[in-house]
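Asker: Input: one structure, supplied below.
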Amino acid sequence: MTKSIRFTKMHGAGNDYIYVNTMAYPIDNPEELSIAWSKPHTGIGSDGLVLIGSSDIADFSMHIYNADGSEAMMCGNASRCIGKYVYEAGLTQKNKVTLETLSGIKELQLKIEREEVTEITVDMGMPAVGEIALEVEAGGEIYTGTVISMGNPHLVIFVDEMDQADLASVGPLLECLPLFPDRTNVEFVQVLKPDEVRMRVWERGSGITQACGTGACATAVAGVVRGKTKRKTKVIMDGGPLTIEWDERSGKVFMTGGAVNVFEGFIKV
Ligand SMILES: N[C@@H](CCC[C@H](N)C(=O)O)C(=O)O
C-alpha cells in the first residue's frame, strides 16, 4: 500500500539532507530511500537522509544515511539541523537538547531569538587522533594526511593552494584506499591564518559536498596536532563557515554554526 511521508529539506553550511520525523512517519527501508530520494533529477535531491527518532537515553535519536545508502556513525551538520527542527516543530521547549547517535550522546546548545533557532553549538566529544603524518598515494601523487576520527573517519590533507588538488578525481581514490577498509571522508585544507582555514571535502558515500561538520572538526584537530592552527579556528567550506574549538581543558571539540530550513513536502513510498 502506498503511503505519504512528510519530509523537511534542511542544510547546514550547504550540506543538505532530507529529514523525517520517524516518531510520526516510521520508515523501514532508509538505505533504499536515501539512494532514491537523494537523486537530484528523479528524487528530492540531497547529500542523504536523516531520521529523527525517540530515544530511551537522550531527548531524541539521529540516524544518518549517505546518498549511496550507507549508514554513518555521526553527522555534525545534521545534528545542528535536528536542534533547529525539534525546537521549531514544538517537539521540545528545551534550549539544551541531547541526541543519541551511533557515536554516543551529543549535547546541542540552541541559541533562540524570537522563537527561532539562529545558531547551534554541538559538543562533538573527544576526537581520536590516528597517524599524524601518513603518506598515501593516489592518482600518481603522494599526499601527507592526518587520520582523525570524530565518530566517523577522516583523512585531513594540508595543501599550499586549494586548486592543487582535483577533489573530484582524487577524492574517490583516497576514500577507497585499502588502508581504510571502512572507507574514509577526505578533507583538503589550506591554512589562511592561524585561526582560519579553507576546506573542501569529499564525503564517504556522498562525494563532494558543500560542507562537513565532522570534517570541519577533524580539520581543526589536525591543524592543532600538525602545529598549523590555533585551538579555535574558523573553517570556511564551499557552503559557508563553521567555528570549531578544541577545548584544551576537557579535550572535547565544540562546533558552532547555523541551520536552515529549505522546504517541506510529502513523498509517496
Ligand atoms: N556530512 C556529515 C557527515 C556525514 C557522514 C559521512 N559522509 C560518513 O560516511 O562518515 C557531517 O556534517 O559531519
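Each chain of the C-alpha cells is named A, B, ... in the order shown, its residues numbered from 1; ligands are numbered from 1 in display order.
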Ligand 1: which residues are within 7 Å, counting only C-alpha atoms and all ligand atoms? Reply as a PDB file with C-alpha atoms, in the first residue's frame.

Answerer:
ATOM      1  CA  ASN A  15      25.377  20.177   3.477  1.00  0.00           C
ATOM      2  CA  ILE A  64      22.218   9.335   9.088  1.00  0.00           C
ATOM      3  CA  ASN A  66      24.706   8.838   2.895  1.00  0.00           C
ATOM      4  CA  GLU A  71      24.805   4.444   7.339  1.00  0.00           C
ATOM      5  CA  ALA A  72      27.320   6.711   9.138  1.00  0.00           C
ATOM      6  CA  MET A  73      28.018   6.922  12.853  1.00  0.00           C
ATOM      7  CA  MET A  74      27.715  10.688  13.123  1.00  0.00           C
ATOM      8  CA  CYS A  75      26.897  13.866  11.207  1.00  0.00           C
ATOM      9  CA  GLY A  76      27.844  17.292  12.525  1.00  0.00           C
ATOM     10  CA  ASN A  77      25.722  19.376  10.163  1.00  0.00           C
ATOM     11  CA  ALA A  78      22.678  17.153  10.655  1.00  0.00           C
ATOM     12  CA  ASN A 152      33.405   8.748  11.641  1.00  0.00           C
ATOM     13  CA  PRO A 153      36.752   8.543   9.810  1.00  0.00           C
ATOM     14  CA  THR A 184      37.117   7.456   4.740  1.00  0.00           C
ATOM     15  CA  ASN A 185      35.999  11.055   4.358  1.00  0.00           C
ATOM     16  CA  GLU A 203      32.492  12.649   1.741  1.00  0.00           C
ATOM     17  CA  ARG A 204      32.438   8.906   2.061  1.00  0.00           C
ATOM     18  CA  GLY A 205      29.201   7.723   0.470  1.00  0.00           C
ATOM     19  CA  SER A 206      28.126  11.131  -0.886  1.00  0.00           C
ATOM     20  CA  ALA A 211      30.413  21.189   3.886  1.00  0.00           C
ATOM     21  CA  CYS A 212      31.024  18.519   6.504  1.00  0.00           C
ATOM     22  CA  GLY A 213      30.623  19.212  10.244  1.00  0.00           C
ATOM     23  CA  THR A 214      32.661  16.264  11.493  1.00  0.00           C
ATOM     24  CA  GLY A 215      35.147  17.074   8.705  1.00  0.00           C
TER      25      GLY A 215
END

Asker: Could you pull the residues within 7 Å of Gly53 of chain A, counting only C-alpha atoms, minus those fewer than 5 positions along the same chain, as an MDAnalysis selection string?

Answerer: chainID A and resid 21:23 60:62

Asker: Let's have the selection written as a CSV table (one decimal), in the first residue's frame, with C-alpha atoms.

Answerer:
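Final file, selection-v5.csv:
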chain,number,residue,atom,x,y,z
A,21,ASN,CA,10.4,12.6,11.9
A,22,THR,CA,10.1,8.8,12.3
A,23,MET,CA,8.0,9.3,15.5
A,60,PHE,CA,16.0,12.3,20.5
A,61,SER,CA,17.9,10.0,18.3
A,62,MET,CA,19.6,10.5,14.9

Asker: Find the residues around Lys234 of chain A up to 8 Å (only C-alpha atoms counted), leave out those fewer than 4 positions away in its own chain, and share them as a ChimeraX atom specification.

Answerer: /A:195-197,241-244

Asker: Please return, as a VMD selection string, all residues of segment 17-240 of chain A that DSSP assigns to strand (DSSP E) on the basis of the backbone.

Answerer: chain A and resid 17 to 21 48 to 53 60 to 66 71 to 72 96 to 101 104 to 113 116 to 123 128 to 129 134 to 138 141 to 149 153 to 158 185 to 193 196 to 203 207 to 209 232 to 237 240

Asker: Assign secondary structure with DSSP using the backbone only, and return the residues of segment 69-198 of chain A in alpha helix (DSSP H) as a list in words.

Answerer: Gly76, Asn77, Ala78, Ser79, Arg80, Cys81, Ile82, Gly83, Lys84, Tyr85, Val86, Tyr87, Glu88, Leu167, Ala168, Ser169, Val170, Gly171, Pro172, Leu173, Leu174 and Glu175 of chain A

Asker: Give me the residues within 7 Å of Arg198 of chain A as a ChimeraX atom specification, counting only C-alpha atoms and dropping any in the same chain fewer than 6 places off.

Answerer: /A:189-192,235-237

Asker: Export N, CA, C and O atoms of the chosen residues as an mmCIF file, in the first residue's frame?

Answerer:
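Once written, part-v1.cif looks like this:
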data_model
loop_
_atom_site.group_PDB
_atom_site.id
_atom_site.type_symbol
_atom_site.label_atom_id
_atom_site.label_comp_id
_atom_site.auth_asym_id
_atom_site.auth_seq_id
_atom_site.Cartn_x
_atom_site.Cartn_y
_atom_site.Cartn_z
ATOM 1 N N VAL A 189 42.834 20.993 2.900
ATOM 2 C CA VAL A 189 42.798 22.189 3.738
ATOM 3 C C VAL A 189 43.955 23.126 3.407
ATOM 4 O O VAL A 189 45.104 22.701 3.328
ATOM 5 N N GLN A 190 43.612 24.401 3.242
ATOM 6 C CA GLN A 190 44.635 25.436 3.051
ATOM 7 C C GLN A 190 44.548 26.379 4.256
ATOM 8 O O GLN A 190 43.474 26.906 4.563
ATOM 9 N N VAL A 191 45.662 26.581 4.927
ATOM 10 C CA VAL A 191 45.674 27.488 6.085
ATOM 11 C C VAL A 191 45.727 28.923 5.556
ATOM 12 O O VAL A 191 46.619 29.273 4.770
ATOM 13 N N LEU A 192 44.755 29.748 5.953
ATOM 14 C CA LEU A 192 44.729 31.159 5.536
ATOM 15 C C LEU A 192 45.374 32.033 6.599
ATOM 16 O O LEU A 192 46.102 32.956 6.303
ATOM 17 N N VAL A 235 36.499 27.446 10.017
ATOM 18 C CA VAL A 235 36.708 26.547 8.880
ATOM 19 C C VAL A 235 35.745 26.981 7.772
ATOM 20 O O VAL A 235 34.527 26.844 7.912
ATOM 21 N N ILE A 236 36.304 27.517 6.681
ATOM 22 C CA ILE A 236 35.466 28.038 5.592
ATOM 23 C C ILE A 236 35.348 26.971 4.501
ATOM 24 O O ILE A 236 36.341 26.563 3.901
ATOM 25 N N MET A 237 34.108 26.513 4.281
ATOM 26 C CA MET A 237 33.871 25.478 3.273
ATOM 27 C C MET A 237 33.109 26.076 2.086
ATOM 28 O O MET A 237 32.724 27.244 2.134
#

Asker: Would you kindly return, as a PyMOL selection string, each protein, DNA or RNA residue with an atom no farther than 12 Å from any atom of Val186 of chain A, considering only C-alpha atoms and excluding same-chain residues fewer than 3 positions away?

Answerer: chain A and resi 143-149+152-158+165+167-168+170-177+180+183+189+199-209+211-212+214-216+218-219

Asker: Do a neighbour search on Met10 of chain A at 12 Å with only C-alpha atoms, toss out local chain neighbours closer than 2 positions, and write the hits as a tab-separated table (two decimals) with all heavy atoms, in the first residue's frame.

Answerer:
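Below you can see selection_12.tsv, which holds the result:
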chain	number	residue	atom	x	y	z
A	7	PHE	N	8.45	15.11	4.80
A	7	PHE	CA	9.89	15.34	4.96
A	7	PHE	C	10.17	16.83	5.02
A	7	PHE	O	9.34	17.66	4.60
A	7	PHE	CB	10.67	14.72	3.78
A	7	PHE	CG	10.44	15.44	2.47
A	7	PHE	CD1	11.24	16.52	2.10
A	7	PHE	CD2	9.41	15.06	1.61
A	7	PHE	CE1	11.02	17.21	0.90
A	7	PHE	CE2	9.19	15.75	0.42
A	7	PHE	CZ	9.99	16.82	0.06
A	8	THR	N	11.34	17.16	5.55
A	8	THR	CA	11.82	18.54	5.55
A	8	THR	C	13.22	18.53	4.97
A	8	THR	O	14.06	17.72	5.37
A	8	THR	CB	11.88	19.12	6.98
A	8	THR	OG1	10.59	18.99	7.57
A	8	THR	CG2	12.28	20.59	6.97
A	12	GLY	N	22.97	22.61	6.53
A	12	GLY	CA	23.88	23.26	7.46
A	12	GLY	C	25.13	23.56	6.66
A	12	GLY	O	25.77	22.62	6.15
A	13	ALA	N	25.43	24.84	6.44
A	13	ALA	CA	26.56	25.26	5.62
A	13	ALA	C	26.52	24.62	4.23
A	13	ALA	O	27.55	24.30	3.64
A	13	ALA	CB	27.90	24.95	6.32
A	14	GLY	N	25.31	24.39	3.73
A	14	GLY	CA	25.15	23.84	2.38
A	14	GLY	C	25.16	22.31	2.31
A	14	GLY	O	24.96	21.73	1.24
A	15	ASN	N	25.40	21.66	3.43
A	15	ASN	CA	25.38	20.18	3.48
A	15	ASN	C	23.90	19.80	3.67
A	15	ASN	O	23.37	19.95	4.77
A	15	ASN	CB	26.25	19.73	4.64
A	15	ASN	CG	26.55	18.24	4.71
A	15	ASN	OD1	26.94	17.76	5.76
A	15	ASN	ND2	26.39	17.52	3.64
A	16	ASP	N	23.25	19.35	2.58
A	16	ASP	CA	21.79	19.22	2.62
A	16	ASP	C	21.33	17.77	2.78
A	16	ASP	O	21.80	16.86	2.09
A	16	ASP	CB	21.16	19.85	1.38
A	16	ASP	CG	21.61	19.21	0.07
A	16	ASP	OD1	22.73	18.66	0.01
A	16	ASP	OD2	20.83	19.25	-0.90
A	17	TYR	N	20.38	17.62	3.69
A	17	TYR	CA	19.79	16.29	3.94
A	17	TYR	C	18.28	16.40	3.96
A	17	TYR	O	17.71	17.47	4.20
A	17	TYR	CB	20.28	15.72	5.28
A	17	TYR	CG	21.75	15.35	5.27
A	17	TYR	CD1	22.70	16.22	5.77
A	17	TYR	CD2	22.18	14.14	4.73
A	17	TYR	CE1	24.06	15.90	5.75
A	17	TYR	CE2	23.53	13.81	4.71
A	17	TYR	CZ	24.46	14.69	5.21
A	17	TYR	OH	25.79	14.36	5.18
A	18	ILE	N	17.64	15.25	3.76
A	18	ILE	CA	16.19	15.13	3.89
A	18	ILE	C	15.94	14.60	5.30
A	18	ILE	O	16.51	13.58	5.70
A	18	ILE	CB	15.66	14.12	2.84
A	18	ILE	CG1	15.96	14.63	1.43
A	18	ILE	CG2	14.18	13.85	3.05
A	18	ILE	CD1	16.00	13.53	0.39
A	19	TYR	N	15.11	15.30	6.06
A	19	TYR	CA	14.84	14.93	7.45
A	19	TYR	C	13.43	14.36	7.57
A	19	TYR	O	12.48	14.96	7.05
A	19	TYR	CB	14.99	16.15	8.38
A	19	TYR	CG	16.43	16.62	8.45
A	19	TYR	CD1	16.99	17.37	7.41
A	19	TYR	CD2	17.25	16.26	9.51
A	19	TYR	CE1	18.32	17.74	7.45
A	19	TYR	CE2	18.58	16.64	9.56
A	19	TYR	CZ	19.11	17.38	8.52
A	19	TYR	OH	20.43	17.75	8.55
A	20	VAL	N	13.31	13.22	8.24
A	20	VAL	CA	11.99	12.64	8.50
A	20	VAL	C	11.85	12.39	9.99
A	20	VAL	O	12.74	11.80	10.62
A	20	VAL	CB	11.79	11.31	7.71
A	20	VAL	CG1	10.47	10.65	8.10
A	20	VAL	CG2	11.82	11.57	6.21
A	44	ILE	N	14.39	13.92	-4.42
A	44	ILE	CA	14.25	15.27	-3.84
A	44	ILE	C	15.55	16.04	-4.07
A	44	ILE	O	15.54	17.24	-4.31
A	44	ILE	CB	13.93	15.15	-2.32
A	44	ILE	CG1	12.58	14.42	-2.12
A	44	ILE	CG2	13.89	16.53	-1.67
A	44	ILE	CD1	12.36	13.91	-0.70
A	45	GLY	N	16.66	15.31	-4.03
A	45	GLY	CA	17.99	15.92	-4.19
A	45	GLY	C	18.58	16.25	-2.85
A	45	GLY	O	18.06	17.10	-2.12
A	46	SER	N	19.67	15.56	-2.47
A	46	SER	CA	20.28	15.80	-1.16
A	46	SER	C	21.59	15.03	-1.06
A	46	SER	O	21.94	14.24	-1.94
A	46	SER	CB	19.36	15.31	-0.04
A	46	SER	OG	19.30	13.89	-0.08
A	47	ASP	N	22.29	15.28	0.05
A	47	ASP	CA	23.51	14.51	0.36
A	47	ASP	C	23.16	13.23	1.11
A	47	ASP	O	24.06	12.44	1.42
A	47	ASP	CB	24.48	15.37	1.19
A	47	ASP	CG	25.02	16.56	0.41
A	47	ASP	OD1	25.20	16.41	-0.82
A	47	ASP	OD2	25.26	17.62	1.01
A	48	GLY	N	21.88	13.03	1.46
A	48	GLY	CA	21.49	11.82	2.17
A	48	GLY	C	20.20	12.02	2.94
A	48	GLY	O	19.49	13.01	2.76
A	49	LEU	N	19.94	11.05	3.81
A	49	LEU	CA	18.67	11.01	4.56
A	49	LEU	C	18.97	10.94	6.05
A	49	LEU	O	19.84	10.18	6.48
A	49	LEU	CB	17.88	9.77	4.12
A	49	LEU	CG	16.63	9.41	4.92
A	49	LEU	CD1	15.54	10.47	4.75
A	49	LEU	CD2	16.09	8.04	4.43
A	50	VAL	N	18.24	11.74	6.84
A	50	VAL	CA	18.44	11.75	8.29
A	50	VAL	C	17.11	11.43	8.97
A	50	VAL	O	16.08	12.07	8.67
A	50	VAL	CB	18.96	13.13	8.77
A	50	VAL	CG1	19.06	13.17	10.29
A	50	VAL	CG2	20.33	13.42	8.14
A	77	ASN	N	26.70	18.42	10.70
A	77	ASN	CA	25.72	19.38	10.16
A	77	ASN	C	24.29	18.93	10.45
A	77	ASN	O	23.43	19.76	10.76
A	77	ASN	CB	25.95	19.57	8.66
A	77	ASN	CG	27.21	20.37	8.38
A	77	ASN	OD1	27.53	21.30	9.11
A	77	ASN	ND2	27.94	20.00	7.34
A	78	ALA	N	24.03	17.64	10.37
A	78	ALA	CA	22.68	17.15	10.65
A	78	ALA	C	22.32	17.34	12.13
A	78	ALA	O	21.16	17.62	12.46
A	78	ALA	CB	22.56	15.68	10.26
A	79	SER	N	23.30	17.21	13.02
A	79	SER	CA	22.98	17.37	14.44
A	79	SER	C	22.50	18.81	14.72
A	79	SER	O	21.55	19.02	15.47
A	79	SER	CB	24.16	16.99	15.34
A	79	SER	OG	25.26	17.83	15.10
A	80	ARG	N	23.13	19.80	14.07
A	80	ARG	CA	22.65	21.18	14.24
A	80	ARG	C	21.26	21.35	13.64
A	80	ARG	O	20.39	22.00	14.23
A	80	ARG	CB	23.62	22.18	13.60
A	80	ARG	CG	24.98	22.27	14.25
A	80	ARG	CD	25.72	23.54	13.86
A	80	ARG	NE	25.57	23.90	12.47
A	80	ARG	CZ	26.23	23.31	11.46
A	80	ARG	NH1	27.11	22.35	11.71
A	80	ARG	NH2	26.02	23.68	10.21
A	81	CYS	N	21.03	20.77	12.46
A	81	CYS	CA	19.70	20.89	11.83
A	81	CYS	C	18.62	20.25	12.71
A	81	CYS	O	17.51	20.77	12.83
A	81	CYS	CB	19.71	20.24	10.45
A	81	CYS	SG	20.63	21.21	9.23
A	82	ILE	N	18.96	19.13	13.36
A	82	ILE	CA	17.97	18.49	14.22
A	82	ILE	C	17.63	19.39	15.41
A	82	ILE	O	16.47	19.48	15.82
A	82	ILE	CB	18.46	17.09	14.67
A	82	ILE	CG1	18.44	16.14	13.48
A	82	ILE	CG2	17.60	16.54	15.82
A	82	ILE	CD1	18.84	14.71	13.77
A	83	GLY	N	18.64	20.10	15.94
A	83	GLY	CA	18.36	21.05	17.04
A	83	GLY	C	17.31	22.06	16.61
A	83	GLY	O	16.35	22.35	17.34
A	84	LYS	N	17.49	22.61	15.41
A	84	LYS	CA	16.52	23.59	14.90
A	84	LYS	C	15.15	22.92	14.68
A	84	LYS	O	14.12	23.44	15.07
A	84	LYS	CB	17.04	24.20	13.60
A	84	LYS	CG	16.17	25.32	13.04
A	84	LYS	CD	16.82	25.93	11.81
A	84	LYS	CE	15.95	27.02	11.18
A	84	LYS	NZ	15.94	28.27	11.95
A	85	TYR	N	15.18	21.75	14.07
A	85	TYR	CA	13.93	21.06	13.72
A	85	TYR	C	13.08	20.78	14.97
A	85	TYR	O	11.91	21.14	15.02
A	85	TYR	CB	14.28	19.74	13.01
A	85	TYR	CG	13.08	18.96	12.53
A	85	TYR	CD1	12.77	18.89	11.18
A	85	TYR	CD2	12.25	18.26	13.41
A	85	TYR	CE1	11.68	18.17	10.72
A	85	TYR	CE2	11.15	17.54	12.97
A	85	TYR	CZ	10.87	17.50	11.62
A	85	TYR	OH	9.78	16.77	11.18
A	258	GLY	N	25.08	27.60	11.93
A	258	GLY	CA	23.65	27.73	11.74
A	258	GLY	C	23.03	26.49	11.12
A	258	GLY	O	23.70	25.47	10.89
A	259	ALA	N	21.73	26.59	10.89
A	259	ALA	CA	20.97	25.52	10.23
A	259	ALA	C	19.82	26.21	9.51
A	259	ALA	O	19.28	27.19	10.00
A	259	ALA	CB	20.44	24.53	11.25
A	260	VAL	N	19.49	25.70	8.33
A	260	VAL	CA	18.47	26.37	7.51
A	260	VAL	C	17.41	25.36	7.06
A	260	VAL	O	17.72	24.26	6.59
A	260	VAL	CB	19.13	27.03	6.26
A	260	VAL	CG1	18.08	27.68	5.37
A	260	VAL	CG2	20.17	28.06	6.68
A	261	ASN	N	16.14	25.79	7.23
A	261	ASN	CA	15.02	25.01	6.76
A	261	ASN	C	14.75	25.43	5.31
A	261	ASN	O	14.49	26.60	5.06
A	261	ASN	CB	13.84	25.38	7.67
A	261	ASN	CG	12.67	24.47	7.48
A	261	ASN	OD1	12.45	23.96	6.38
A	261	ASN	ND2	11.90	24.28	8.52
A	262	VAL	N	14.86	24.53	4.35
A	262	VAL	CA	14.73	24.93	2.94
A	262	VAL	C	13.29	24.78	2.44
A	262	VAL	O	12.69	25.71	1.95
A	262	VAL	CB	15.69	24.10	2.04
A	262	VAL	CG1	15.65	24.61	0.61
A	262	VAL	CG2	17.13	24.16	2.56
A	263	PHE	N	12.74	23.58	2.55
A	263	PHE	CA	11.33	23.38	2.21
A	263	PHE	C	10.82	22.07	2.81
A	263	PHE	O	11.60	21.24	3.28
A	263	PHE	CB	11.09	23.39	0.69
A	263	PHE	CG	11.81	22.31	-0.09
A	263	PHE	CD1	11.25	21.05	-0.26
A	263	PHE	CD2	13.04	22.56	-0.68
A	263	PHE	CE1	11.90	20.06	-0.99
A	263	PHE	CE2	13.70	21.58	-1.41
A	263	PHE	CZ	13.13	20.34	-1.56
A	264	GLU	N	9.50	21.95	2.83
A	264	GLU	CA	8.87	20.73	3.35
A	264	GLU	C	7.97	20.14	2.28
A	264	GLU	O	7.57	20.85	1.36
A	264	GLU	CB	8.01	21.07	4.56
A	264	GLU	CG	8.81	21.60	5.71
A	264	GLU	CD	7.95	21.77	6.95
A	264	GLU	OE1	6.71	21.72	6.84
A	264	GLU	OE2	8.55	21.95	8.02
A	265	GLY	N	7.67	18.88	2.40
A	265	GLY	CA	6.75	18.29	1.44
A	265	GLY	C	6.36	16.89	1.85
A	265	GLY	O	6.72	16.41	2.93

Asker: In Å, with one decimal, what is the gap from atom CA of Thr256 of chain A to atom CA of His63 of chain A?

Answerer: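 Here the two named atoms are 20.6 Å from each other.
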